Structure formats: C-alpha cells, structure tokens
$ cat protein-v8.cif   # mmCIF, N, CA and C atoms
data_run
#
loop_
_atom_site.label_atom_id
_atom_site.label_comp_id
_atom_site.auth_asym_id
_atom_site.auth_seq_id
_atom_site.Cartn_x
_atom_site.Cartn_y
_atom_site.Cartn_z
N MET X 1369 227.62 -29.77 252.81
CA MET X 1369 227.06 -28.44 252.95
C MET X 1369 225.79 -28.32 252.10
N LYS X 1370 225.87 -28.81 250.87
CA LYS X 1370 224.74 -28.70 249.96
C LYS X 1370 223.55 -29.52 250.49
N ARG X 1371 223.84 -30.69 251.03
CA ARG X 1371 222.80 -31.56 251.54
C ARG X 1371 222.10 -30.93 252.76
N SER X 1372 222.86 -30.30 253.62
CA SER X 1372 222.26 -29.66 254.80
C SER X 1372 221.41 -28.45 254.37
N TRP X 1373 221.82 -27.76 253.34
CA TRP X 1373 221.05 -26.63 252.83
C TRP X 1373 219.70 -27.10 252.28
N ILE X 1374 219.69 -28.18 251.54
CA ILE X 1374 218.46 -28.75 251.00
C ILE X 1374 217.54 -29.20 252.14
N LEU X 1375 218.12 -29.85 253.14
CA LEU X 1375 217.34 -30.30 254.29
C LEU X 1375 216.73 -29.11 255.02
N LEU X 1376 217.48 -28.04 255.19
CA LEU X 1376 216.98 -26.84 255.85
C LEU X 1376 215.83 -26.22 255.06
N CYS X 1377 215.95 -26.17 253.75
CA CYS X 1377 214.86 -25.63 252.91
C CYS X 1377 213.61 -26.50 253.01
N CYS X 1378 213.78 -27.81 253.00
CA CYS X 1378 212.63 -28.71 253.13
C CYS X 1378 211.94 -28.53 254.47
N LEU X 1379 212.69 -28.40 255.52
CA LEU X 1379 212.10 -28.18 256.85
C LEU X 1379 211.36 -26.85 256.90
N PHE X 1380 211.91 -25.83 256.28
CA PHE X 1380 211.26 -24.53 256.24
C PHE X 1380 209.93 -24.61 255.51
N LEU X 1381 209.91 -25.28 254.36
CA LEU X 1381 208.67 -25.44 253.60
C LEU X 1381 207.64 -26.25 254.37
N MET X 1382 208.08 -27.29 255.05
CA MET X 1382 207.14 -28.07 255.86
C MET X 1382 206.55 -27.23 256.98
N GLY X 1383 207.34 -26.36 257.57
CA GLY X 1383 206.84 -25.47 258.61
C GLY X 1383 205.78 -24.53 258.08
N ILE X 1384 206.00 -24.02 256.89
CA ILE X 1384 205.00 -23.14 256.27
C ILE X 1384 203.71 -23.90 256.01
N LEU X 1385 203.80 -25.12 255.49
CA LEU X 1385 202.61 -25.91 255.21
C LEU X 1385 201.85 -26.26 256.49
N VAL X 1386 202.57 -26.60 257.54
CA VAL X 1386 201.92 -26.91 258.82
C VAL X 1386 201.21 -25.67 259.36
N ARG X 1387 201.85 -24.53 259.26
CA ARG X 1387 201.24 -23.29 259.74
C ARG X 1387 199.97 -22.96 258.96
N ALA X 1388 199.99 -23.16 257.65
CA ALA X 1388 198.80 -22.90 256.84
C ALA X 1388 197.68 -23.85 257.20
N THR X 1389 198.01 -25.11 257.46
CA THR X 1389 197.00 -26.09 257.86
C THR X 1389 196.38 -25.72 259.20
N ILE X 1390 197.19 -25.31 260.13
CA ILE X 1390 196.68 -24.90 261.45
C ILE X 1390 195.78 -23.68 261.31
N ALA X 1391 196.16 -22.74 260.46
CA ALA X 1391 195.34 -21.55 260.25
C ALA X 1391 193.98 -21.92 259.66
N GLN X 1392 193.96 -22.88 258.72
CA GLN X 1392 192.68 -23.32 258.15
C GLN X 1392 191.83 -24.01 259.20
N ASP X 1393 192.44 -24.83 260.04
CA ASP X 1393 191.69 -25.51 261.10
C ASP X 1393 191.11 -24.50 262.09
N CYS X 1394 191.88 -23.48 262.43
CA CYS X 1394 191.38 -22.45 263.34
C CYS X 1394 190.21 -21.69 262.71
N ALA X 1395 190.31 -21.41 261.43
CA ALA X 1395 189.23 -20.69 260.75
C ALA X 1395 187.97 -21.56 260.72
N LYS X 1396 188.12 -22.85 260.49
CA LYS X 1396 186.96 -23.74 260.49
C LYS X 1396 186.35 -23.84 261.89
N ALA X 1397 187.19 -23.87 262.91
CA ALA X 1397 186.69 -23.94 264.29
C ALA X 1397 185.93 -22.67 264.65
N GLU X 1398 186.46 -21.51 264.23
CA GLU X 1398 185.76 -20.25 264.49
C GLU X 1398 184.43 -20.21 263.77
N LYS X 1399 184.40 -20.75 262.57
CA LYS X 1399 183.16 -20.77 261.80
C LYS X 1399 182.12 -21.66 262.48
N SER X 1400 182.56 -22.81 262.97
CA SER X 1400 181.62 -23.73 263.61
C SER X 1400 181.12 -23.17 264.94
N THR X 1401 181.93 -22.40 265.66
CA THR X 1401 181.45 -21.81 266.91
C THR X 1401 180.50 -20.66 266.64
N SER X 1402 180.60 -20.04 265.48
CA SER X 1402 179.67 -18.97 265.14
C SER X 1402 178.34 -19.53 264.65
N ASP X 1403 178.26 -20.85 264.54
CA ASP X 1403 177.03 -21.50 264.08
C ASP X 1403 176.16 -21.89 265.28
N THR X 1404 176.00 -20.97 266.23
CA THR X 1404 175.17 -21.20 267.41
C THR X 1404 173.72 -20.94 267.06
N PRO X 1405 172.77 -21.36 267.92
CA PRO X 1405 171.36 -21.12 267.63
C PRO X 1405 171.02 -19.64 267.43
N SER X 1406 171.64 -18.75 268.21
CA SER X 1406 171.35 -17.32 268.03
C SER X 1406 171.84 -16.82 266.68
N ALA X 1407 172.97 -17.37 266.21
CA ALA X 1407 173.47 -16.98 264.89
C ALA X 1407 172.55 -17.49 263.80
N ARG X 1408 171.98 -18.68 264.00
CA ARG X 1408 171.05 -19.23 263.01
C ARG X 1408 169.79 -18.39 262.94
N ILE X 1409 169.30 -17.93 264.11
CA ILE X 1409 168.10 -17.10 264.14
C ILE X 1409 168.36 -15.79 263.43
N ALA X 1410 169.52 -15.18 263.69
CA ALA X 1410 169.86 -13.93 263.02
C ALA X 1410 169.98 -14.13 261.52
N ALA X 1411 170.57 -15.25 261.11
CA ALA X 1411 170.70 -15.53 259.67
C ALA X 1411 169.33 -15.74 259.04
N ALA X 1412 168.45 -16.44 259.75
CA ALA X 1412 167.11 -16.68 259.21
C ALA X 1412 166.33 -15.38 259.07
N SER X 1413 166.46 -14.48 260.05
CA SER X 1413 165.73 -13.22 259.96
C SER X 1413 166.30 -12.34 258.84
N SER X 1414 167.62 -12.36 258.66
CA SER X 1414 168.18 -11.57 257.57
C SER X 1414 167.81 -12.17 256.22
N THR X 1415 167.71 -13.50 256.15
CA THR X 1415 167.29 -14.15 254.91
C THR X 1415 165.85 -13.79 254.58
N ALA X 1416 165.00 -13.77 255.59
CA ALA X 1416 163.61 -13.39 255.37
C ALA X 1416 163.51 -11.95 254.88
N THR X 1417 164.33 -11.07 255.44
CA THR X 1417 164.34 -9.68 255.01
C THR X 1417 164.81 -9.58 253.57
N HIS X 1418 165.87 -10.32 253.22
CA HIS X 1418 166.37 -10.27 251.85
C HIS X 1418 165.39 -10.90 250.88
N ASP X 1419 164.71 -11.97 251.30
CA ASP X 1419 163.75 -12.61 250.41
C ASP X 1419 162.58 -11.69 250.12
N SER X 1420 162.09 -10.97 251.13
CA SER X 1420 160.97 -10.07 250.89
C SER X 1420 161.41 -8.91 250.00
N ALA X 1421 162.66 -8.47 250.16
CA ALA X 1421 163.16 -7.39 249.32
C ALA X 1421 163.42 -7.87 247.89
N SER X 1422 163.79 -9.14 247.73
CA SER X 1422 164.10 -9.64 246.40
C SER X 1422 162.85 -9.91 245.58
N LYS X 1423 161.67 -9.92 246.21
CA LYS X 1423 160.44 -10.17 245.48
C LYS X 1423 159.93 -8.93 244.76
N LEU X 1424 160.58 -7.80 244.98
CA LEU X 1424 160.19 -6.59 244.29
C LEU X 1424 160.54 -6.69 242.82
N PRO X 1425 159.67 -6.22 241.91
CA PRO X 1425 159.94 -6.39 240.48
C PRO X 1425 161.16 -5.61 240.01
N ALA X 1426 161.47 -4.47 240.63
CA ALA X 1426 162.59 -3.65 240.15
C ALA X 1426 163.93 -4.31 240.40
N GLY X 1427 164.04 -5.17 241.42
CA GLY X 1427 165.31 -5.78 241.77
C GLY X 1427 165.49 -7.16 241.17
N GLY X 1428 164.82 -7.52 240.10
CA GLY X 1428 164.89 -8.85 239.53
C GLY X 1428 166.28 -9.24 239.10
N ALA X 1429 166.97 -8.37 238.38
CA ALA X 1429 168.32 -8.68 237.90
C ALA X 1429 169.29 -8.75 239.06
N ALA X 1430 169.15 -7.84 240.02
CA ALA X 1430 170.03 -7.85 241.18
C ALA X 1430 169.80 -9.10 242.02
N SER X 1431 168.55 -9.52 242.09
CA SER X 1431 168.22 -10.73 242.85
C SER X 1431 168.86 -11.96 242.19
N ASP X 1432 168.78 -12.06 240.88
CA ASP X 1432 169.40 -13.18 240.18
C ASP X 1432 170.91 -13.18 240.38
N GLU X 1433 171.48 -11.98 240.38
CA GLU X 1433 172.92 -11.84 240.59
C GLU X 1433 173.31 -12.33 241.99
N ARG X 1434 172.51 -11.94 242.97
CA ARG X 1434 172.77 -12.33 244.35
C ARG X 1434 172.63 -13.84 244.51
N ILE X 1435 171.61 -14.41 243.90
CA ILE X 1435 171.40 -15.86 243.98
C ILE X 1435 172.58 -16.61 243.35
N ALA X 1436 173.06 -16.11 242.22
CA ALA X 1436 174.20 -16.76 241.56
C ALA X 1436 175.45 -16.67 242.43
N ARG X 1437 175.64 -15.53 243.11
CA ARG X 1437 176.80 -15.39 243.99
C ARG X 1437 176.72 -16.34 245.17
N VAL X 1438 175.53 -16.44 245.77
CA VAL X 1438 175.36 -17.33 246.92
C VAL X 1438 175.58 -18.78 246.49
N GLU X 1439 175.05 -19.14 245.34
CA GLU X 1439 175.25 -20.50 244.83
C GLU X 1439 176.72 -20.75 244.51
N GLY X 1440 177.40 -19.74 243.98
CA GLY X 1440 178.83 -19.87 243.71
C GLY X 1440 179.63 -20.06 244.99
N GLU X 1441 179.23 -19.36 246.05
CA GLU X 1441 179.91 -19.53 247.33
C GLU X 1441 179.70 -20.94 247.87
N LYS X 1442 178.48 -21.46 247.75
CA LYS X 1442 178.21 -22.83 248.19
C LYS X 1442 179.07 -23.83 247.43
N ARG X 1443 179.16 -23.63 246.13
CA ARG X 1443 179.94 -24.56 245.31
C ARG X 1443 181.43 -24.43 245.60
N PHE X 1444 181.89 -23.19 245.90
CA PHE X 1444 183.29 -23.01 246.28
C PHE X 1444 183.58 -23.79 247.55
N ARG X 1445 182.69 -23.65 248.54
CA ARG X 1445 182.90 -24.35 249.81
C ARG X 1445 182.85 -25.86 249.62
N THR X 1446 181.98 -26.34 248.74
CA THR X 1446 181.85 -27.77 248.50
C THR X 1446 183.05 -28.33 247.74
N ASN X 1447 183.45 -27.67 246.66
CA ASN X 1447 184.50 -28.19 245.79
C ASN X 1447 185.90 -27.74 246.18
N CYS X 1448 186.04 -26.47 246.52
CA CYS X 1448 187.37 -25.90 246.73
C CYS X 1448 187.72 -25.78 248.21
N GLY X 1449 186.69 -25.62 249.05
CA GLY X 1449 186.90 -25.36 250.47
C GLY X 1449 187.57 -26.49 251.23
N ARG X 1450 187.60 -27.67 250.64
CA ARG X 1450 188.28 -28.78 251.30
C ARG X 1450 189.77 -28.51 251.44
N CYS X 1451 190.34 -27.81 250.47
CA CYS X 1451 191.78 -27.56 250.47
C CYS X 1451 192.14 -26.07 250.56
N HIS X 1452 191.25 -25.19 250.12
CA HIS X 1452 191.59 -23.78 249.98
C HIS X 1452 190.68 -22.89 250.82
N MET X 1453 191.27 -21.80 251.30
CA MET X 1453 190.51 -20.72 251.92
C MET X 1453 190.08 -19.78 250.80
N PRO X 1454 188.97 -19.04 250.97
CA PRO X 1454 188.61 -18.07 249.92
C PRO X 1454 189.73 -17.04 249.78
N PRO X 1455 190.22 -16.83 248.57
CA PRO X 1455 191.34 -15.91 248.39
C PRO X 1455 190.91 -14.46 248.46
N HIS X 1456 191.89 -13.61 248.61
CA HIS X 1456 191.61 -12.18 248.55
C HIS X 1456 191.26 -11.83 247.11
N LYS X 1457 190.87 -10.61 246.89
CA LYS X 1457 190.47 -10.20 245.54
C LYS X 1457 191.66 -10.24 244.59
N PHE X 1458 191.47 -10.92 243.50
CA PHE X 1458 192.43 -10.97 242.42
C PHE X 1458 191.71 -10.53 241.16
N PRO X 1459 192.44 -10.13 240.14
CA PRO X 1459 191.78 -9.77 238.88
C PRO X 1459 191.03 -10.99 238.32
N PRO X 1460 189.89 -10.76 237.66
CA PRO X 1460 189.11 -11.88 237.11
C PRO X 1460 189.91 -12.80 236.19
N ARG X 1461 190.86 -12.24 235.48
CA ARG X 1461 191.67 -13.05 234.56
C ARG X 1461 192.51 -14.08 235.31
N VAL X 1462 193.08 -13.67 236.45
CA VAL X 1462 193.90 -14.58 237.26
C VAL X 1462 193.02 -15.67 237.87
N ILE X 1463 191.87 -15.27 238.40
CA ILE X 1463 190.95 -16.23 239.00
C ILE X 1463 190.47 -17.24 237.96
N ALA X 1464 190.14 -16.75 236.76
CA ALA X 1464 189.66 -17.65 235.70
C ALA X 1464 190.73 -18.68 235.34
N THR X 1465 191.98 -18.25 235.29
CA THR X 1465 193.07 -19.18 234.97
C THR X 1465 193.19 -20.24 236.06
N ALA X 1466 193.12 -19.82 237.32
CA ALA X 1466 193.24 -20.77 238.43
C ALA X 1466 192.06 -21.75 238.43
N ILE X 1467 190.86 -21.26 238.16
CA ILE X 1467 189.69 -22.14 238.16
C ILE X 1467 189.77 -23.14 237.02
N ARG X 1468 190.22 -22.70 235.85
CA ARG X 1468 190.37 -23.63 234.72
C ARG X 1468 191.38 -24.72 235.05
N HIS X 1469 192.46 -24.33 235.72
CA HIS X 1469 193.48 -25.30 236.11
C HIS X 1469 192.90 -26.31 237.11
N MET X 1470 192.17 -25.81 238.09
CA MET X 1470 191.62 -26.69 239.12
C MET X 1470 190.42 -27.50 238.61
N ARG X 1471 189.80 -27.02 237.55
CA ARG X 1471 188.66 -27.76 237.00
C ARG X 1471 189.09 -29.16 236.59
N VAL X 1472 190.25 -29.27 236.01
CA VAL X 1472 190.76 -30.56 235.58
C VAL X 1472 191.13 -31.43 236.79
N ARG X 1473 191.79 -30.82 237.77
CA ARG X 1473 192.25 -31.58 238.93
C ARG X 1473 191.11 -32.00 239.86
N ALA X 1474 190.14 -31.10 240.07
CA ALA X 1474 189.06 -31.37 241.03
C ALA X 1474 187.79 -31.87 240.35
N MET X 1475 187.83 -32.02 239.04
CA MET X 1475 186.67 -32.49 238.27
C MET X 1475 185.44 -31.61 238.52
N ILE X 1476 185.62 -30.32 238.36
CA ILE X 1476 184.54 -29.35 238.54
C ILE X 1476 183.76 -29.24 237.23
N THR X 1477 182.44 -29.22 237.32
CA THR X 1477 181.61 -29.09 236.12
C THR X 1477 181.70 -27.68 235.57
N ASP X 1478 181.23 -27.51 234.34
CA ASP X 1478 181.25 -26.20 233.71
C ASP X 1478 180.37 -25.21 234.46
N GLU X 1479 179.21 -25.66 234.92
CA GLU X 1479 178.32 -24.78 235.68
C GLU X 1479 178.95 -24.39 237.01
N ASP X 1480 179.59 -25.35 237.69
CA ASP X 1480 180.28 -25.03 238.94
C ASP X 1480 181.37 -24.00 238.69
N MET X 1481 182.13 -24.18 237.62
CA MET X 1481 183.20 -23.25 237.29
C MET X 1481 182.65 -21.85 237.07
N ARG X 1482 181.55 -21.75 236.34
CA ARG X 1482 180.95 -20.45 236.06
C ARG X 1482 180.46 -19.77 237.34
N LEU X 1483 179.79 -20.52 238.22
CA LEU X 1483 179.28 -19.94 239.46
C LEU X 1483 180.40 -19.57 240.43
N ILE X 1484 181.42 -20.40 240.51
CA ILE X 1484 182.56 -20.09 241.38
C ILE X 1484 183.28 -18.85 240.87
N LEU X 1485 183.42 -18.73 239.57
CA LEU X 1485 184.06 -17.55 239.00
C LEU X 1485 183.25 -16.30 239.32
N LYS X 1486 181.94 -16.37 239.22
CA LYS X 1486 181.08 -15.22 239.55
C LYS X 1486 181.26 -14.85 241.03
N TYR X 1487 181.30 -15.85 241.90
CA TYR X 1487 181.48 -15.59 243.34
C TYR X 1487 182.82 -14.94 243.63
N MET X 1488 183.87 -15.42 243.00
CA MET X 1488 185.21 -14.94 243.33
C MET X 1488 185.57 -13.61 242.69
N THR X 1489 184.86 -13.21 241.65
CA THR X 1489 185.23 -11.96 240.98
C THR X 1489 184.35 -10.79 241.38
N GLU X 1490 183.32 -11.03 242.17
CA GLU X 1490 182.45 -9.91 242.58
C GLU X 1490 182.50 -9.69 244.07
#
$ encode --input "protein-v8.cif" --output "structure tokens"
Amino acid sequence: MKRSWILLCCLFLMGILVRATIAQDCAKAEKSTSDTPSARIAAASSTATHDSASKLPAGGAASDERIARVEGEKRFRTNCGRCHMPPHKFPPRVIATAIRHMRVRAMITDEDMRLILKYMTE
C-alpha cells in the first residue's frame, strides 16, 4: 500500500512538471509568432518614439531607470529564461532571496543580479 502511494505521488508530480514544460513551450511559441515583420516595425516605431522622448533633459533619471529595467529584462531572459517564466509580482525581499540563491547555481554576475532584481521588483 505504501509503495503504491509513493508511486502515485511521483506520477502526480511528473504530470505537474510535464504540464509546466508544455505551458512554457506554448508561451515561447506564442512569442515567436508575435515576432512577425509587422510586429518588428511597430516595435521599431515605438522605440523611436521612446528614444526621442528620453532625450529630453527633464527625463534623465527616468530614462536611466527605463534603460536599467530593459537591460534587466534582457539579462533575465538570457540567464533565467532558459528554465523560468517571469514570475508574478513578489515582494522585493523574496525576489532578492531567490536571485541570491540562483546566483550561485546559474553563475550570475553581481551586475546581472542587480539588473535582474531591478527588473523584477518594478
């Protein structure tokens, strides 16, 4: 009885892991289909609009903040995105603990850790 219970729990956990993997694959497929030429043109035009707005002297600090967030997102996708989806909002303290833990496992640099933390907490 005990052995069948353990086997049932293992099968249940494997089902959950398979479902999570399929969900990540579907999300990646949706992302790649949204990378059509028209989407690239729209992204380029919005980038041009943001770049012209960021050249204003009053928005210097906000522009630096935005650049750090974008760079943090890139580093998240490069370092963490191989295994993880971007999480929902968590308190900065929880995110910082998770990033410190993963820094050792994924060999993330201090600068990467700082930028990823900025991306995930704002």
$ closest_residue --input "protein-v8.cif" --among "X:Cys1377, X:Val1472, X:Gly1440, X:Thr1389" --to "X:Lys1486" --atoms "only N, CA and C atoms"
X:Gly1440
$ axis_aligned_box --input "protein-v8.cif" --around "stretch 1459-1476 of chain X" --padding-each-side "3 Å" --output "lines of an AutoDock Vina configuration file"
center_x = 188.8
center_y = -21.1
center_z = 237.8
size_x = 16.1
size_y = 28.7
size_z = 12.5
$ atom_distance --input "protein-v8.cif" --atom1 "atom N of X:Leu1381" --atom2 "atom C of X:Arg1461"
28.1 Å
$ residues_around --input "protein-v8.cif" --residues "stretch 1476-1481 of chain X" --least-positions-apart "6" --cutoff "7 Å" --atoms "all atoms listed in the file" --output "list in words"
Gly1440, Arg1443, Ile1467 and Met1470 of chain X
$ atom_distance --input "protein-v8.cif" --atom1 "atom CA of X:Ala1436" --atom2 "atom N of X:Ile1484"
8.2 Å
$ atom_distance --input "protein-v8.cif" --atom1 "atom C of X:Met1475" --atom2 "atom CA of X:Thr1446"
11.3 Å
